[in-house]
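Written out below as structure tokens is the structure these notes cover.
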Amino acid sequence: MQNKGIVRTLAVLLFLVCAFYLSFSIVVNQYEKKAKEYAAGDQAKEYLYLDSIAPKKVWFGYTLKECREKEINLGLDLKGGMNVTMEVSVPDILRALSGYNTSENFNRAMALAQEKQKSSGDDFVTLFLASFREVDPDARLASIFATFELKDKVTTSSTNEEVERVIREEVDGAINNSFNVLRTRIDRFGVVQPNIQRLSQSGRILIELPGIKEPERVRKLLQGSANLEFWETYDFAELLPQLAQIDRELGAANLATEEAEESNVESQKTAEAQSTADASVEELTQAIAANDSAAAAAKEQAEAVENYKKAHPFFYILNPSVNQAGQAYRGPVVGTVHYTDTAKVMAILNSQQAKQVLPREVRFRWEVKAIDEANSLYRLVALKAQRDGRPSLEGDVITDARADFSQISAYANVSMSMNAEGAKAWQRITKENIGKSVAIVLDGFVYSFPTVQNEIAGGNSQITGNFTVEEAKDLANTLKSGKMPAPARIIQEDIVGPSLGKEAIRSGLWSFALGFVLILLYMIFYYGVIPGLIADFALLCNVFLLVGILSSFSAVLTLPGIAGIVLTMGTAVDGNVLIYERIREELRAGKNMRKAIADGFKGAISAIVDANVTSLLTGIILAVFGTGPIKGFAVTYIIGIISSFLTAVFITRLLLEDYEKRDDAK
């Protein structure tokens, strides 16, 4: 064979690449074992441990999270994954169809229908219509649903029966749209062999995602309603006086409570004072001497912190965005909060006391990403609502979104295009807010709040926010998939284990091992020790390459995939059998070993190519048109055919030609 050096070099490189990708599975397996030992059977504790070390670099500069993304994935039938049941909110669909009607009859009917839903098996639309008639038998549905969006279907003269038919059609269409949006998002997420089904007319959707290792990322992607909003913002300086007043009032309340507690323990303090007075002067002197200056300073600092906490309970947990002189920084950032205190801050800001002080239009939202490496500190942003309490512009005007890269920044961003209506509104918003920030909010979290430098016309904009490539792709996919008419929430979620049980996995592995060993023994028995071992080594290389290529493509291995590997082992030796038989024929014809090997490969190559091409075509057809287990089998089989051809034609020939140089070769 010519160019042996090139073949050897390429073979070594291919094996090194496969070994590199397989190493991620080994590393992840080691850390998962450590997690199991640490958790001692507590699954929640195990997940918490893995999450805590996920950002740490553990292998060749890769973090554990990145290693888990690159390891070979197992399907639901082998390792498990996520099983999620989601429900589209029909009440939210009805509110959207009504144009967010605020009439008393509509709100009472909605509340009554939601109460009935707790004990009734009827769908929500039926319950709402019955409740609407119950609230006011003479009321007309057209007065609620004759909106601009339904102007072609509902008019002020439409009968209740006509409106009911339109409502049911719209709700059913909205649920179907949500189903399609979820399916599109899952496809773009890159999950192999997902299963998504709509369950009857209840608005529920069943989703099975095999091989998922980031449940939190999946939850965000599935539950995101693509509810993109553009909000005007307050400058923090406008709100600092009101927030300081809230802080002072809470501090005064703490002081009053503390004084009341001190008065209740006055007698106890008197007794303690008497006890101190009875102590000898020598004991007091020794006690004072025992406290060094460092301890005294630490105590003084701790007391100062405690006193500040009592006097400023709000600003103690919310670090306000001010400089050392107490002046507010420019921009809409109110302050920074540790993630454990975010609920406390929102409880204070949503309290009746705070609402009496703060402007009616103010809304507070958290940034989507933490500002520190430990992912513990989040910034709070002050938004300004319109008179109706809604944002200045909503995301239904977005016509396209894509992940992009800036030439002046190392971070990814998301480019958006708007329709004519959105472009006009966006031009007005940017014109009125030059020098101020406009916040870009998705599903209640602030992704960016850039300062408007000038008026933006044309409707082409970018969302920036120090995104990674992965985050930018997720955001763009969510927006491009379409806006759901109502959010879909997860009502049931299971991180499932092997659905076929340990016995099925054990059987699959035994079949793999038994078939492998029998083939190895047969080749040695029939062709001799050395030629048989060469064929066996080629078979080992074939399996190694097959698994390595699966890992490099981040493919999901299922039980049918194992069947494909077993079948590959059986057919992989076909090439070696053809080659060996042709070499035997050449030897019987009187040729020497070197000439017999060369002619044997030359004569067998056409038959090997024919056999592999026909098998490959069959595998491709199964992969393209098959679903579920069939597709899993086909993908593994295709890779096995390619790897078996490479090992039979190149690896086996290299080894045989080296063997031929030995004196005892036969």
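In the structure tokens, chains take letters A, B, ... by order of appearance, with residues numbered from 1 within each chain and ligands from 1 in the order shown.
Residues lying within 7 Å of Asn83 in chain A, counting only C-alpha atoms and ignoring same-chain neighbours fewer than 5 positions away, are Ile207, Glu208, Leu209, Glu493, Asp494, Ile495 and Val496 of chain A.
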Quick one: DSSP helix (DSSP H, G or I) residues in range 34-229 of chain A, as a VMD selection string? chain A and resid 34 to 39 43 to 53 64 to 70 90 to 97 104 to 117 124 to 135 142 to 145 160 to 189 215 to 223
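The smallest atom-to-atom distance between Lys424 in chain A and any of A:Gln301, A:Asn460, A:Gln453, A:Asn176, using only C-alpha atoms, is found for A:Asn460.
Take CA of Gly81 in chain A and CA of Asp51 in chain A: the distance between them is 16.5 Å.
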From a DSSP calculation on the backbone, collect every residue of range 114-205 of chain A in strand (DSSP E) and output the set as a ChimeraX atom specification. /A:195-199,204-205
Could you list, as a count of residues only, every residue within 9 Å of Asn433 in chain A, counting only C-alpha atoms and ignoring same-chain residues fewer than 3 positions away? 12
Return the single residue from A:Glu71, A:Thr159, A:Gly41, A:Ile53 that is closest to Val28 in chain A, with distances computed using only C-alpha atoms. A:Glu71
Which of these residues is nearest to Leu239 in chain A, using only C-alpha atoms: A:Ala354, A:Ala403, A:Ala596, A:Leu199? A:Ala354
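Using only C-alpha atoms, the contacts of range 336-339 of chain A at a cut-off of 9 Å, with sequence neighbours closer than 2 positions omitted, comprise A:Ile317, A:Leu318, A:Asn319, A:Pro320, A:Ser321, A:Val333, A:Val334, A:Asp341, A:Thr342, A:Ala343, A:Val345, A:Ala370, A:Ile371, A:Asn375, A:Ser376, A:Leu377, A:Tyr378, A:Arg379, A:Leu380.
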